[in-house]
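Q: This is data_28.csv (CSV, C-alpha atoms).
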chain,number,residue,atom,x,y,z
A,7,MET,CA,16.2,-26.7,26.6
A,8,PRO,CA,15.7,-29.7,28.9
A,9,ALA,CA,14.0,-32.8,27.5
A,10,VAL,CA,10.3,-32.9,27.8
A,11,LYS,CA,8.7,-34.5,30.8
A,12,ALA,CA,7.8,-38.1,30.4
A,13,ALA,CA,4.8,-40.0,31.7
A,14,ASN,CA,5.5,-42.8,34.2
A,15,PRO,CA,3.6,-45.9,33.2
A,16,ARG,CA,3.7,-47.1,36.8
A,17,ASP,CA,1.6,-44.2,37.8
A,18,VAL,CA,-0.9,-44.8,35.1
A,19,PHE,CA,-1.4,-48.5,34.5
A,20,ALA,CA,-1.7,-51.7,36.5
A,21,ALA,CA,1.3,-53.9,36.0
A,22,GLU,CA,-0.6,-56.6,34.1
A,23,ASP,CA,-2.1,-53.9,31.7
A,24,TRP,CA,1.3,-52.5,31.0
A,25,ARG,CA,2.7,-55.9,30.2
A,26,ALA,CA,-0.2,-56.5,27.9
A,27,ILE,CA,0.1,-53.3,25.8
A,28,THR,CA,3.9,-53.5,25.5
A,29,ARG,CA,4.1,-57.2,24.6
A,30,LEU,CA,5.5,-57.6,21.0
A,31,SER,CA,3.9,-60.1,18.7
A,32,ARG,CA,6.1,-62.2,16.5
A,33,TRP,CA,3.5,-62.1,13.7
A,34,ARG,CA,1.3,-59.0,13.9
A,35,GLY,CA,4.0,-56.7,12.5
A,36,ILE,CA,4.7,-59.1,9.7
A,37,TRP,CA,0.9,-59.3,9.0
A,38,LEU,CA,0.5,-55.5,8.9
A,39,VAL,CA,3.3,-55.2,6.3
A,40,LEU,CA,1.7,-58.0,4.2
A,41,HIS,CA,-1.7,-56.3,4.7
A,42,ALA,CA,-0.3,-53.0,3.3
A,43,TRP,CA,1.1,-54.7,0.2
A,44,ILE,CA,-2.0,-56.8,-0.4
A,45,VAL,CA,-4.1,-53.6,-0.3
A,46,VAL,CA,-1.6,-51.9,-2.7
A,47,ALA,CA,-1.9,-54.8,-5.1
A,48,LEU,CA,-5.7,-54.8,-5.1
A,49,ALA,CA,-5.9,-51.0,-5.6
A,50,ALA,CA,-3.2,-50.9,-8.3
A,51,PHE,CA,-4.5,-53.9,-10.3
A,52,GLY,CA,-8.1,-53.0,-9.7
A,53,GLY,CA,-7.5,-49.5,-11.1
A,54,ALA,CA,-5.7,-51.0,-14.1
A,55,ALA,CA,-8.6,-53.4,-14.7
A,56,ALA,CA,-11.0,-50.5,-14.7
A,57,TRP,CA,-9.0,-48.8,-17.5
A,58,ASP,CA,-9.0,-52.1,-19.5
A,59,TYR,CA,-12.7,-52.4,-19.1
A,60,HIS,CA,-13.6,-48.9,-20.3
A,61,TRP,CA,-11.9,-45.5,-20.4
A,62,LEU,CA,-14.8,-44.0,-18.5
A,63,ALA,CA,-14.6,-46.7,-15.8
A,64,GLY,CA,-10.9,-45.9,-15.5
A,65,ILE,CA,-11.6,-42.2,-15.0
A,66,LEU,CA,-14.1,-42.9,-12.3
A,67,VAL,CA,-12.1,-45.5,-10.5
A,68,THR,CA,-8.7,-43.8,-10.6
A,69,PRO,CA,-9.3,-41.2,-7.8
A,70,LEU,CA,-10.4,-44.0,-5.5
A,71,ALA,CA,-7.4,-46.1,-6.4
A,72,LEU,CA,-5.0,-43.2,-5.8
A,73,ALA,CA,-6.6,-42.5,-2.4
A,74,ILE,CA,-6.3,-46.1,-1.3
A,75,LEU,CA,-2.7,-46.4,-2.6
A,76,GLY,CA,-1.7,-43.1,-1.0
A,77,GLY,CA,-3.2,-44.3,2.3
A,78,ARG,CA,-1.2,-47.6,2.2
A,79,GLN,CA,1.9,-45.7,1.2
A,80,LEU,CA,1.4,-43.7,4.4
A,81,GLY,CA,0.7,-46.9,6.2
A,82,LEU,CA,4.1,-48.3,5.0
A,83,SER,CA,5.7,-45.2,6.4
A,84,ILE,CA,3.9,-45.7,9.7
A,85,LEU,CA,5.1,-49.3,9.9
A,86,MET,CA,8.6,-48.1,9.2
A,87,HIS,CA,8.2,-45.7,12.1
A,88,ASP,CA,7.2,-48.6,14.3
A,89,GLY,CA,10.4,-50.3,13.1
A,90,ALA,CA,12.4,-47.3,14.2
A,91,HIS,CA,11.1,-47.9,17.7
A,92,GLY,CA,11.9,-51.6,17.5
A,93,LEU,CA,8.2,-52.5,17.6
A,94,LEU,CA,7.6,-54.4,14.4
A,95,HIS,CA,9.2,-57.6,15.6
A,96,PRO,CA,10.8,-58.8,18.9
A,97,ASN,CA,13.8,-60.0,16.9
A,98,ARG,CA,16.0,-57.0,16.3
A,99,GLN,CA,17.4,-58.2,13.0
A,100,ALA,CA,13.9,-59.1,11.7
A,101,ASN,CA,12.6,-55.7,12.9
A,102,ASN,CA,15.3,-53.8,11.2
A,103,TRP,CA,14.8,-55.6,7.9
A,104,LEU,CA,11.1,-55.1,8.0
A,105,GLY,CA,11.6,-51.4,8.7
A,106,GLN,CA,14.3,-50.9,6.1
A,107,TRP,CA,13.2,-52.8,3.0
A,108,PRO,CA,9.4,-53.6,2.5
A,109,THR,CA,8.4,-50.4,4.4
A,110,GLY,CA,11.1,-47.7,4.4
A,111,ALA,CA,12.4,-48.3,0.9
A,112,ALA,CA,8.9,-48.1,-0.5
A,113,THR,CA,8.7,-44.4,0.1
A,114,GLY,CA,12.4,-43.5,0.1
A,115,SER,CA,13.3,-43.6,3.8
A,116,ASP,CA,16.2,-45.0,5.7
A,117,LEU,CA,15.3,-46.7,9.0
A,118,PHE,CA,18.5,-45.9,10.8
A,119,ALA,CA,18.7,-42.3,9.8
A,120,TYR,CA,15.1,-41.9,10.7
A,121,ARG,CA,15.5,-43.6,14.0
A,122,THR,CA,18.1,-41.0,15.2
A,123,TYR,CA,16.1,-38.1,13.9
A,124,HIS,CA,12.8,-39.4,15.3
A,125,LEU,CA,14.0,-40.2,18.8
A,126,THR,CA,15.3,-36.6,19.0
A,127,HIS,CA,11.8,-35.5,18.1
A,128,HIS,CA,10.5,-37.5,21.1
A,129,LYS,CA,13.1,-36.1,23.4
A,130,TYR,CA,12.4,-32.5,22.6
A,131,THR,CA,8.8,-32.5,21.4
A,132,GLN,CA,7.7,-29.0,20.3
A,133,GLN,CA,10.9,-27.4,21.7
A,134,PRO,CA,13.5,-25.5,19.6
A,135,GLU,CA,15.6,-28.7,19.4
A,136,ASP,CA,12.7,-30.7,17.9
A,137,PRO,CA,13.6,-31.6,14.2
A,138,ASP,CA,9.9,-31.8,13.4
A,139,LEU,CA,9.1,-28.4,14.8
A,140,SER,CA,8.9,-26.9,11.3
A,141,LEU,CA,5.9,-29.2,10.6
A,142,SER,CA,3.8,-27.7,13.3
A,143,ALA,CA,5.2,-24.3,14.0
A,144,PRO,CA,3.5,-22.5,11.0
A,145,PHE,CA,0.1,-23.3,12.3
A,146,PRO,CA,-2.5,-21.8,12.6
A,147,THR,CA,-2.2,-20.4,9.2
A,148,SER,CA,-4.5,-18.8,6.6
A,149,ARG,CA,-7.0,-20.9,4.5
A,150,ASP,CA,-5.2,-19.7,1.4
A,151,SER,CA,-1.8,-20.9,2.7
A,152,LEU,CA,-3.2,-24.3,3.6
A,153,ARG,CA,-5.0,-24.5,0.2
A,154,ARG,CA,-1.7,-23.7,-1.6
A,155,LYS,CA,0.1,-26.5,0.3
A,156,PHE,CA,-2.6,-29.0,-0.6
A,157,ILE,CA,-2.5,-28.0,-4.3
A,158,ARG,CA,1.3,-28.4,-4.3
A,159,ASP,CA,0.9,-31.9,-2.8
A,160,LEU,CA,-1.8,-33.0,-5.2
A,161,THR,CA,0.0,-31.6,-8.3
A,162,GLY,CA,3.2,-33.4,-7.5
A,163,GLN,CA,5.2,-30.3,-6.7
A,164,THR,CA,6.0,-31.4,-3.2
A,165,PHE,CA,7.2,-34.8,-4.4
A,166,TYR,CA,9.3,-33.3,-7.1
A,167,LYS,CA,11.0,-30.9,-4.7
A,168,GLN,CA,11.8,-33.6,-2.1
A,169,ARG,CA,13.0,-36.1,-4.7
A,170,ARG,CA,15.1,-33.6,-6.5
A,171,ALA,CA,16.9,-32.7,-3.3
A,172,GLN,CA,17.3,-36.3,-2.2
A,173,PHE,CA,18.7,-37.4,-5.6
A,174,ALA,CA,21.0,-34.4,-5.8
A,175,ALA,CA,22.5,-35.3,-2.4
A,176,ALA,CA,22.8,-39.0,-3.5
A,177,LEU,CA,24.8,-38.0,-6.6
A,178,ARG,CA,27.4,-36.2,-4.6
A,179,GLY,CA,29.0,-39.6,-3.6
A,180,PRO,CA,28.6,-42.6,-1.3
A,181,SER,CA,26.5,-41.7,1.7
A,182,THR,CA,23.4,-42.7,3.7
A,183,THR,CA,21.3,-40.8,1.2
A,184,ALA,CA,22.9,-42.5,-1.7
A,185,ARG,CA,22.1,-45.9,-0.2
A,186,THR,CA,18.6,-44.8,0.6
A,187,VAL,CA,18.0,-43.8,-3.0
A,188,GLY,CA,19.5,-47.0,-4.2
A,189,ARG,CA,17.0,-49.0,-2.1
A,190,PHE,CA,14.2,-46.8,-3.2
A,191,LEU,CA,15.1,-47.4,-6.9
A,192,ALA,CA,15.6,-51.1,-6.4
A,193,LEU,CA,12.2,-51.5,-4.9
A,194,GLN,CA,10.6,-49.4,-7.6
A,195,ALA,CA,12.3,-51.7,-10.2
A,196,ILE,CA,10.9,-54.7,-8.5
A,197,LEU,CA,7.4,-53.2,-8.5
A,198,LEU,CA,7.7,-52.2,-12.1
A,199,THR,CA,8.8,-55.8,-13.1
A,200,ILE,CA,5.8,-57.3,-11.3
A,201,SER,CA,3.5,-54.8,-12.9
A,202,LEU,CA,4.8,-55.6,-16.4
A,203,LEU,CA,4.7,-59.3,-15.9
A,204,VAL,CA,1.2,-59.5,-14.5
A,205,TRP,CA,-0.7,-56.6,-16.2
A,206,GLY,CA,1.4,-54.0,-17.9
A,207,TRP,CA,2.4,-50.5,-17.1
A,208,MET,CA,-0.8,-49.2,-15.5
A,209,PRO,CA,-0.5,-50.7,-12.0
A,210,PHE,CA,3.0,-49.2,-11.5
A,211,LEU,CA,1.9,-45.9,-13.0
A,212,LEU,CA,-1.0,-45.7,-10.5
A,213,TRP,CA,1.5,-46.6,-7.6
A,214,LEU,CA,3.9,-43.9,-8.8
A,215,ALA,CA,1.1,-41.3,-9.3
A,216,ALA,CA,-0.2,-41.9,-5.7
A,217,LEU,CA,3.4,-41.6,-4.3
A,218,ALA,CA,3.6,-38.2,-6.0
A,219,THR,CA,0.1,-36.9,-5.0
A,220,THR,CA,-2.2,-38.5,-2.5
A,221,PHE,CA,0.6,-39.8,-0.3
A,222,GLN,CA,2.1,-36.3,0.0
A,223,LEU,CA,-1.3,-34.9,0.9
A,224,PHE,CA,-2.1,-37.5,3.5
A,225,LEU,CA,1.3,-37.2,5.0
A,226,ARG,CA,0.9,-33.5,5.5
A,227,ILE,CA,-2.6,-33.9,7.1
A,228,ARG,CA,-1.1,-36.5,9.4
A,229,ASN,CA,1.7,-34.2,10.4
A,230,ILE,CA,-0.7,-31.3,11.1
A,231,ALA,CA,-2.9,-33.5,13.2
A,232,GLU,CA,-0.1,-34.8,15.4
A,233,HIS,CA,1.3,-31.6,16.9
A,234,ALA,CA,-0.1,-28.4,15.3
A,235,CYS,CA,-1.9,-26.1,17.6
A,236,THR,CA,-1.3,-28.3,20.7
A,237,PRO,CA,-0.9,-26.7,24.1
A,238,THR,CA,2.7,-27.7,24.7
A,239,GLY,CA,3.7,-24.8,26.9
A,240,SER,CA,2.3,-26.3,30.0
A,241,GLY,CA,5.0,-29.0,30.3
A,242,ASP,CA,2.3,-31.6,30.7
A,243,PRO,CA,3.2,-34.7,28.7
A,244,PHE,CA,-0.5,-35.4,28.1
A,245,THR,CA,-0.8,-32.3,25.9
A,246,HIS,CA,2.3,-32.7,23.7
A,247,ALA,CA,0.6,-34.6,20.9
A,248,ARG,CA,-2.9,-35.0,19.6
A,249,THR,CA,-5.1,-38.0,19.3
A,250,THR,CA,-7.7,-37.8,16.5
A,251,TYR,CA,-10.7,-40.1,16.3
A,252,ALA,CA,-10.8,-41.7,12.9
A,253,GLY,CA,-13.6,-43.3,11.0
A,254,LEU,CA,-13.3,-45.8,8.1
A,255,ILE,CA,-12.4,-43.3,5.4
A,256,ALA,CA,-9.8,-41.6,7.6
A,257,ARG,CA,-8.3,-45.0,8.6
A,258,ALA,CA,-8.0,-45.8,4.8
A,259,THR,CA,-6.3,-42.6,4.0
A,260,VAL,CA,-4.8,-40.2,6.6
A,261,ALA,CA,-4.8,-42.5,9.7
A,262,PRO,CA,-3.6,-46.1,8.8
A,263,TYR,CA,-2.5,-48.5,11.4
A,264,TRP,CA,-3.6,-46.6,14.4
A,265,VAL,CA,-1.4,-43.6,13.8
A,266,ASN,CA,-4.2,-41.3,14.9
A,267,TYR,CA,-3.5,-42.3,18.5
A,268,HIS,CA,-0.5,-40.1,18.6
A,269,SER,CA,-0.8,-38.8,22.1
A,270,GLU,CA,-0.7,-42.4,23.4
A,271,HIS,CA,2.4,-43.0,21.3
A,272,HIS,CA,4.2,-40.0,22.7
A,273,LEU,CA,3.2,-40.8,26.3
A,274,PHE,CA,4.4,-44.4,26.0
A,275,MET,CA,6.5,-45.0,22.9
A,276,GLY,CA,7.2,-48.6,23.8
A,277,VAL,CA,3.6,-49.6,22.8
A,278,PRO,CA,3.4,-51.1,19.3
A,279,CYS,CA,0.9,-49.5,17.0
A,280,TYR,CA,-1.6,-52.4,17.2
A,281,ASN,CA,-2.0,-51.8,21.0
A,282,LEU,CA,-2.5,-48.0,20.8
A,283,ALA,CA,-6.3,-48.3,20.7
A,284,ALA,CA,-6.2,-50.5,23.8
A,285,THR,CA,-3.9,-48.0,25.5
A,286,HIS,CA,-6.4,-45.2,24.7
A,287,ARG,CA,-9.2,-47.2,26.3
A,288,LEU,CA,-7.1,-47.8,29.4
A,289,LEU,CA,-6.3,-44.1,29.7
A,290,GLY,CA,-10.1,-43.4,29.4
A,291,SER,CA,-11.0,-45.8,32.1
A,292,GLY,CA,-8.3,-44.3,34.3
A,293,GLY,CA,-9.8,-40.8,33.9
A,294,TYR,CA,-6.9,-39.4,31.8
A,295,HIS,CA,-8.9,-38.3,28.7
A,296,PRO,CA,-9.7,-34.8,30.0
A,297,LYS,CA,-6.0,-34.1,30.3
A,298,MET,CA,-5.2,-35.2,26.8
A,299,THR,CA,-5.4,-33.2,23.5
A,300,LEU,CA,-8.2,-35.0,21.6
A,301,SER,CA,-10.0,-34.1,18.4
A,302,PRO,CA,-13.3,-35.7,17.2
A,303,HIS,CA,-12.2,-36.0,13.6
A,304,TYR,CA,-9.7,-34.6,11.1
A,305,ARG,CA,-12.1,-31.9,9.9
A,306,ASP,CA,-11.8,-30.5,13.4
A,307,VAL,CA,-8.0,-30.6,13.3
A,308,LEU,CA,-7.9,-28.7,9.9
A,309,ALA,CA,-10.4,-26.1,11.3
A,310,GLN,CA,-8.0,-25.5,14.2
A,311,ALA,CA,-5.1,-25.2,11.8
A,312,VAL,CA,-6.7,-22.3,10.0
A,313,THR,CA,-8.1,-20.5,13.0
Rewrite the coordinates I just gave you, this time as structure tokens.

A:
Amino acid sequence: MPAVKAANPRDVFAAEDWRAITRLSRWRGIWLVLHAWIVVALAAFGGAAAWDYHWLAGILVTPLALAILGGRQLGLSILMHDGAHGLLHPNRQANNWLGQWPTGAATGSDLFAYRTYHLTHHKYTQQPEDPDLSLSAPFPTSRDSLRRKFIRDLTGQTFYKQRRAQFAAALRGPSTTARTVGRFLALQAILLTISLLVWGWMPFLLWLAALATTFQLFLRIRNIAEHACTPTGSGDPFTHARTTYAGLIARATVAPYWVNYHSEHHLFMGVPCYNLAATHRLLGSGGYHPKMTLSPHYRDVLAQAVT
């Protein structure tokens, strides 16, 4: 099928507004990567401190720590995604390093393989050629089916299935997958070493537990929210993706670093994540919100996904 119709920014924004929202900062991408890791450290060492204080405190604090860690792990994936678009830093080499090591390697992704895959998704959004179509095509589904998916995520089954396939591919010989697994294991070794030197096993175990559970759940909810049950048949680029309004809890878990403004990202993929909220406001002032697929919160999205 032909590529999806694109929105022309010249028809939507004043020239000065377009320049403002597409301007890349030399420091904001770096700060966001640092922010993600600072939050990871606070959650992991805070959870460990709770266990050292009292076993009951550890039991009570651990679900919160896992939620925060899973949210920042998703955040690192989102920042890697910005790196795939060349939006983390105006210097290409710095952008690619930020997207490959401190973000992509944390969750086992390869920036360059993801870039090729993801740009195909943008070109053929919700069409048969879209490599992400399998993430949205099953919806709407039954409540039981969605519940089973969430249970698989929170019990580590999704993580195990994905890692087993990835590691099996890596063991076949030198390849992009083998190098991706090598970076993933190298970064995990660094995190384990820091954990042992500063506190002991517990911070790393919390990080790993979140990677196997809450991260998988939040990633699934994010994928559902972005394209499931969107009216893409019209050919209107303003309907190809969904923007979901996110409160504090959502931003800490399923919607880090403005990923909830997904319609804006698909309309204008040259806008860095930290300018997506401003893009949304400009679209509103221009009268474009009624054309867009918008949801008031993630509960609404999940309700649509099981209707």

Q: Per residue of range 120-202 of chain A within 12 Å of range 296-311 of chain A, note the shortest atom pair and the distance in Å to one decimal, counting all atoms listed in the file, and order the rows by chain and increasing residue number, as a tab-separated table.

A:
residue	atom	partner	partner_atom	distance
A:Leu141	CA	A:Ala311	CA	11.8
A:Ser142	CA	A:Ala311	CA	9.4
A:Ala143	CA	A:Ala311	CA	10.6
A:Pro144	CA	A:Ala311	CA	9.0
A:Phe145	CA	A:Ala311	CA	5.6
A:Pro146	CA	A:Ala311	CA	4.4
A:Thr147	CA	A:Ala311	CA	6.2
A:Ser148	CA	A:Ala311	CA	8.3
A:Arg149	CA	A:Ala311	CA	8.7
A:Asp150	CA	A:Ala311	CA	11.8
A:Ser151	CA	A:Ala311	CA	10.6
A:Leu152	CA	A:Ala311	CA	8.5
A:Arg153	CA	A:Leu308	CA	11.0
A:Phe156	CA	A:Leu308	CA	11.8

Q: Using all atoms listed in the file, which residues of range 175-286 of chain A come within 6 Å of range 77-92 of chain A, and what is the closest atom pair for each, with the distance in Å to one decimal? Give it as JSON lines, sorted by chain and residue number.

A:
{"residue": "A:Ala258", "atom": "CA", "partner": "A:Gly77", "partner_atom": "CA", "distance": 5.6}
{"residue": "A:Thr259", "atom": "CA", "partner": "A:Gly77", "partner_atom": "CA", "distance": 3.9}
{"residue": "A:Pro262", "atom": "CA", "partner": "A:Gly81", "partner_atom": "CA", "distance": 5.1}

Q: If I take CA of Gly293 in chain A and CA of His233 in chain A, how far is one from the other in Å, to one decimal?

A: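 Between CA of Gly293 in chain A and CA of His233 in chain A the gap works out to 22.3 Å.
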
Q: Taking 3 positions as the minimum chain separation for residues in the same chain, which residues sit within 8 Å of Thr131 in chain A when counting only C-alpha atoms? Answer as a list in words.

A: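 Contacts, in chain order: Val10, His127, His128, Asp136, Leu139 and His246 of chain A.
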
Q: Go through A:Arg98, A:Thr122, A:Ala111, A:Arg170 and flag the residue nearest Ala195 in chain A, using all atoms listed in the file for the distances.

A: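 Of the candidates, the smallest distance to Ala195 in chain A is held by A:Ala111.
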
Q: From the set A:Thr109, A:Gln132, A:Gln222, A:Thr28, which residue has the shortest atom-to-atom contact distance to Thr245 in chain A, counting all atoms listed in the file?

A: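 Once distances to Thr245 in chain A are computed over all atoms listed in the file, the minimum belongs to A:Gln132.
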
Q: Quick one: of A:Trp37, A:Leu117, A:Val265, A:Arg154, who's nearest to Val277 in chain A, counting all atoms listed in the file?

A: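 Checking each candidate against Val277 in chain A, we get A:Val265 as the closest.
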
Q: What is the distance between CA of Pro69 in chain A and CA of Ser201 in chain A, in Å to one decimal?

A: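 The value is 19.4 Å.
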
Q: Here is a test: counting all atoms listed in the file, which residue of A:Val312, A:Ala112, A:Leu62, A:Leu30 is nearest to Ala234 in chain A?

A: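 Going through A:Val312, A:Ala112, A:Leu62, A:Leu30 one by one, the smallest distance to Ala234 in chain A is for A:Val312.
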
Q: Between CA of Tyr267 in chain A and CA of Thr250 in chain A, what is the spacing in Å?

A: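 Rounded to one decimal, the two atoms are 6.5 Å apart.
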
Q: From the options A:Asp116, A:Asp242, A:Glu232, A:Asp23, which residue's atoms come nearest to Arg287 in chain A, counting only C-alpha atoms?

A: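 Nearest to Arg287 in chain A: A:Asp23.
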
Q: Using only C-alpha atoms, which of the listed residues (A:Thr313, A:Gly53, A:Lys129, A:Pro209) sits closest to Cys235 in chain A?

A: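 Closest to Cys235 in chain A of all the choices is A:Thr313.
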
Q: Produce a table with one row for each residue of range 76-168 of chain A that has an atom at most 12 Å from any atom of range 179-187 of chain A, each row naming the nearest atom pair and its distance in Å at one decimal; use all atoms listed in the file; arrange rows by chain and rising residue number; format as a Markdown table.

A:
| residue | atom | partner | partner_atom | distance |
| --- | --- | --- | --- | --- |
| A:Gln106 | CA | A:Thr186 | CA | 9.3 |
| A:Trp107 | CA | A:Thr186 | CA | 9.9 |
| A:Gly110 | CA | A:Thr186 | CA | 8.9 |
| A:Ala111 | CA | A:Thr186 | CA | 7.1 |
| A:Ala112 | CA | A:Thr186 | CA | 10.3 |
| A:Thr113 | CA | A:Val187 | CA | 9.8 |
| A:Gly114 | CA | A:Thr186 | CA | 6.4 |
| A:Ser115 | CA | A:Thr186 | CA | 6.3 |
| A:Asp116 | CA | A:Thr186 | CA | 5.6 |
| A:Leu117 | CA | A:Thr186 | CA | 9.2 |
| A:Phe118 | CA | A:Thr182 | CA | 9.2 |
| A:Ala119 | CA | A:Thr182 | CA | 7.7 |
| A:Tyr120 | CA | A:Thr182 | CA | 10.9 |
| A:Gln168 | CA | A:Val187 | CA | 12.0 |

Q: Applying 9 Å and only C-alpha atoms, which residues near Trp57 in chain A remain after dropping the ones on its own chain fewer than 5 positions away? List them as a PyMOL selection string.

A: chain A and resi 52+62-65+67-68+208

Q: Neighbourhood query: residues within 10 Å of (6.3, -38.5, 35.4), file coordinates, counting all atoms listed in the file; return as an MDAnalysis selection string.

A: chainID A and resid 11:18 242:243 273

Q: Mind writing the picked residues with C-alpha atoms as a compact mmCIF listing (two decimals), in the coordinates of the input?

A:
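Final output, part.txt:
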# COMPACT_ATOMS: atom_id res chain seq x y z
CA LYS A 11 8.70 -34.50 30.80
CA ALA A 12 7.80 -38.10 30.40
CA ALA A 13 4.80 -40.00 31.70
CA ASN A 14 5.50 -42.80 34.20
CA PRO A 15 3.60 -45.90 33.20
CA ARG A 16 3.70 -47.10 36.80
CA ASP A 17 1.60 -44.20 37.80
CA VAL A 18 -0.90 -44.80 35.10
CA ASP A 242 2.30 -31.60 30.70
CA PRO A 243 3.20 -34.70 28.70
CA LEU A 273 3.20 -40.80 26.30
